[in-house]
Each structure stands twice: as structure tokens, then as C-alpha cells.
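Encoded as C-alpha cells, the structure appears first; notes follow it.
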There are 2 protein chains.
Amino acid sequence: MKPYVVKLGGSVITDKKKPFSVRRQNLNRLARELSKSKRPLVIVHGGGSFGHPLASKYKISGGYREERQLMGFALTHRAMEQLNAEVVGAMRSAGVPAVAVQTSACAVVKNGNILTLEKRPIKKLLDLGLVPVLYGDTVPDLQKGMGILSGDQLAARLAKDIGASRIIFGVDVDGVYTSDPRKNRGAEILKNITQKDWNQLSFSGDSRIKDVTGGMKNKVGELLKLAKSGIESEIANAAKPGTIERLVNGERGLGTIIGGRK
Amino acid sequence: MKPYVVKLGGSVITDKKKPFSVRRQNLNRLARELSKSKRPLVIVHGGGSFGHPLASKYKISGGYREERQLMGFALTHRAMEQLNAEVVGAMRSAGVPAVAVQTSACAVVKNGNILTLEKRPIKKLLDLGLVPVLYGDTVPDLQKGMGILSGDQLAARLAKDIGASRIIFGVDVDGVYTSDPRKNRGAEILKNITQKDWNQLSFSGDSRIKDVTGGMKNKVGELLKLAKSGIESEIANAAKPGTIERLVNGERGLGTIIGGRK
């Protein structure tokens with residue numbers, strides 16, 4: 001059975017308003033839901049309140065400019081390791097033989113993009129029945145010195161490289177909306193997005209897209225690229241109990257499907 | 001300036017008799033000594049009382065045979081991450097921008113030997129002025145499913161791949177002895193070992209070599225292979241204050257030199 005890649009958003013597993021805070025109830029529940037999967041999984045998680053404040057303080061994503069960024073890089077990576085240990089630990093407690101895989105040790109990044117990804121250890125872990133857990137990370141960058149590799153970009157690349165049949169993005173809203181549902185009561189959920197839809201919306205200057213948060217826009221962009229390789233994605237609400245469990249066991253259409261059959 | 005690789009033995013930084021115990025005084029002192037280096041460093045450490053008991057309990061080095069080894073693999077790797085976080089943390093406290101690099105994410109291993117090592121992220125960290133810290137680790141193995149990659153083998157390969165000019169093995173004795181110095185008062189230290197010496201000793205069935213511990217024998221074997229690439233090594237006492245500081249700043253002959261000019 002082909003693996004799924006499951007991305008857990010930083011805002012689902014941490015409280016973005018409070019540095020270094022784990023949303024433990026969500027995390028433990030998600031670990032139990034993932035443990036119900038009959039299918040091999042690779043997990044990727046975001047940085048949430050562990051990675052983002054430090055990455056921003058030391059301006060890691062802008063590239064290397066001054067010496068104080070060296071300790072900043074070290075501290076930001078360490079924070080991501082700590083969150084990763086929380087995720088891996090929760091999964092082990094749910095009976096899943098989860099193993100950390102350090103993104104910045106296996107991805108070669110140039111100007112923010114993954115040049116190559118050493119996938120053989122990850123594939124071998126999967127073959128054995130282990131569950132690799134990667135994460136958005138600070139990375140050495142061959143062009144700009146240092147940078148951030150987002151969990152979103154990583155998840156999309158991993159899905160392609162390991163031959164996943166599907167990618168599930170667990171976020172804290174029900175899917176991709178026509179505008180921010182927490183600000184606009186008229187926001188509608190998009191059930192499907194194809195490249196054609198996206199082009200029409202973007203090129204027409206449709207207000208529906210302008211309001212989509214930058215983060216969501218990037219996700220859809222990554223996932224549409226993936227759709228060209230025949231890999232379907234779904235962006236769904238991981239904060240809603242049961243959603244991830246149903247998705248990893250093959251259900252479709254609980255959130256927004258990207259690049260799928262309509 | 002070409003980098004040095006420094007391997008810190010598990011018995012120097014942990015108490016091998018007591019599971020999960022850090023020899024904190026040694027570790028903090030070594031971190032301070034390493035912080036005095038004017039040269040780029042890559043650090044590798046062993047498993048000591050973190051990795052060995054679990055690896056042995058779950059028979060990881062024998063390869064994959066039964067399902068309970070999956071959780072064993074996960075737990076052993078996690079233990080190594082914990083020790084690594086102690087080493088990296090001690091170095092950061094000494095002012096060194098040290099960054100973990102997960103061995104099992106960048107080394108591809110087949111039947112116990114490193115096939116390839118993704119060195120580009122490590123080299124880029126070095127270029128920036130960061131200090132990568134790797135470790136002996138549980139690894140997926142393309143042939144036998146899973147295994148252990150020793151810090152010794154890793155350090156030797158790293159030295160070659162990143163173009164290090166020298167490798168320093170910090171152990172808890174003064175170097176390579178003709179027999180175990182803690183058991184035999186007549187043990188003599190070998191100041192230099194070349195392949196020729198080693199062949200003569202091994203082939204003559206010289207009793208001097210029979211008593212060398214398996215661990216030390218493996219180290220000398222790895223380092224003699226390295227000597228063929230023109231990289232000199234020194235095995236010295238990292239538990240003796242000041243030794244590592246002197247070595248990383250270029251002194252020679254404080255322990256046993258392998259493959260060097262006599």
C-alpha cells in the first residue's frame with residue numbers, strides 16, 4: 001500500500017500566541033488518530049510557537065548577514081527539535097513506532113528551494129514499519145547561507161520523492177475558504193481546487209483569493225504543483241476530532257481537495 | 001583552514017555503568033576546551049550509557065528480525081538524540097554555535113557500512129561558522145533492515161568526505177596501549193601506529209595486540225584506512241583536562257598518532 005504524507009500545521013499542535021506551548025490535547029488526540037491508520041505514513045509538522053518567534057527574531061529566512069544569526073540558527077533549530085520530540089513522543093505513547101528525521105540533515109536547499117532530498121533512509125524506515133516524522137526547519141542554504149524550509153514545501157516534495165499516493169494537510173480551519181472565515185461571515189469553503197480554477201481566480205483578480213491568507217496561498221501553490229505528478233491533496237481541519245483518522249483511512253472530501261477529480 | 005573532526009567517546013561524556021547519566025563536569029570542560037579552537041570543527045560523539053543499553057536490549061546491530069525491534073529502534077534513536085542535545089547544549093553554553101546533525105538522516109548504510117553520506121548541509125554549516133555535532137546512531141540499513149552506525153566509523157568517513165586535515169579521538173585512556181592499562185601494569189603506550197606496524201603485530205600473533213579491547217582495535221582499523229587518504233589521527237585522553245584544547249590547536253603527540261610521520 002502506498003504511503004500517505006500527513007502534514008500537521010503548527011497552529012494545530014501549538015498555541016501560536018504563547019511561545020513554546022504545546023496544545024497537548026490536540027497533539028495526543030492526533031497521535032491516537034494517526035495510530036489507527038492501516039497505511040504507511042510519513043508525518044511532517046510545522047514550527048508553530050516553537051520555531052516562528054526565534055526564526056523571526058534572528059531573521060533566518062532572509063539569509064546569512066551577521067554573526068549573531070549563527071547562535072540564532074542554532075537556537076531555532078533546537079526549538080524545532082524540541083517540538084519534534086513532543087510530536088514523536090506523543091505518537092510513541094499512542095503505540096506508533098515514530099522516529100524523528102532531521103530535515104536539515106537530509107535536504108539540500110538552494111535559495112529557499114529543495115535541490116535534493118536524501119530519501120533512502122526515509123524509505124527504508126517506511127519499509128520496516130516505522131513512521132518517520134520530519135518538520136519545517138532552519139536549513140543551511142547553498143546560495144543565501146541559511147534559511148527556513150517550510151513544512152509545506154517539504155511535505156509536497158516528500159510525497160513526490162517517496163511515491164506517496166496522497167497528502168493530507170491538517171490545519172485549524174475546515175479547508176480553503178473564499179476569504180478568512182474568522183473575519184468574514186460570508187466566506188465559502190472551496191470543495192475542490194484545480195490549476196484551472198486557481199488560474200482563473202488569480203488572473204481575474206477575484207476578491208475571493210485576495211483574502212486567502214498568505215500561508216494558505218502557499219499551501220495551495222505547493223499542492224497544485226504536486227497535482228501535476230498525479231498526487232491528490234486534501235486540506236482539512238485537524239483540530240476537529242476524527243477528521244484526520246477518517247482521512248488517513250481513505251475518506252475524501254472532508255475539506256478542500258486540491259488537484260483531484262471533481 | 002581545513003577542519004578537524006573531533007570524536008568524543010561515550011565513556012568520557014557519560015558514565016557507562018549508569019544508564020542515561022551524563023558526566024557533566026567532563027562534558028562542560030570539553031565544551032569550553034572546544035570553544036578555544038581557532039579551527040573549524042565537526043564533532044561526533046558516541047552513545048555511552050544512553051545508546052548502548054537500549055541498542056543491546058533490542059539487538060539493533062544484528063538487523064531486523066521481529067516487530068518489537070521497531071519500538072526498540074525508535075527508543076534507542078530517541079536516547080541518542082537526548083545525549084546529543086546534552087552535548088550541543090553544553091557547547092552552546094560555552095559560546096559555540098553548535099547544531100545537531102542527525103546521522104541516520106544523512107548516512108545511507110548497507111550491511112553496516114556507509115554507502116553515501118549527504119555532506120553538503122554539513123559543509124555549508126561549517127562554511128558559515130557553525131559547528132555540526134553528529135553521533136553514533138541507530139540507522140535504517142538497506143540490507144539488514146536496521147543497524148548501528150558507530151561514531152568511530154562515522155568520524156572517519158566524515159573526515160574524508162569534508163576534507164578534514166586531522167581527526168582526534170578523545171577517549172578515557174592515554175592512547176593505544178600494548179595491553180589494557182587498567183589490568184596490566186606492564187602495559188606500554190604506542191606513540192605511533194602505521195599500517196606496517198599493525199600488520200606485523202597482527203600477523204605475528206603478538207600478544208600486545210590480543211589484549212587491546214575490541215573497541216580500540218576497531219578505532220585503529222578505521223583510522224588506518226583513513227591514513228591511506230593522508231589524514232592523520234590521534235587517539236588521546238579527553239578525560240585529562242587540557243588535552244583536547246591542545247590538540248584542536250594543533251599540538252601532536254599527546255596520545256597515539258595513527259598513520260602519521262614517525
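Scheme for the C-alpha cells: letters A, B, ... for chains in order shown; per-chain residue numbers from 1; ligand numbers from 1 in order shown.
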
10 Å contacts from chain A to chain B using only C-alpha atoms, as a PyMOL selection string:
chain A and resi 64+67-78+81-82+85+88-89+92+95-109+116-132+139-143+145-146

Need to verify the contact set: Ile167 (chain B), 7 Å, only C-alpha atoms, exclusion of same-chain residues closer than 3 positions in sequence. Can you return it as a count of residues only?
7

Which residues in region 25-258 of chain A does DSSP call strand (DSSP E or B)? List them as a ChimeraX atom specification.
/A:41-45,98-100,107-110,113-117,131-135,137-141,145-149,166-171,177,189,192-193,232-237,256-258

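The spacing separating CA of Thr178 (chain A) from CA of Ser56 (chain A) amounts to 28.4 Å.
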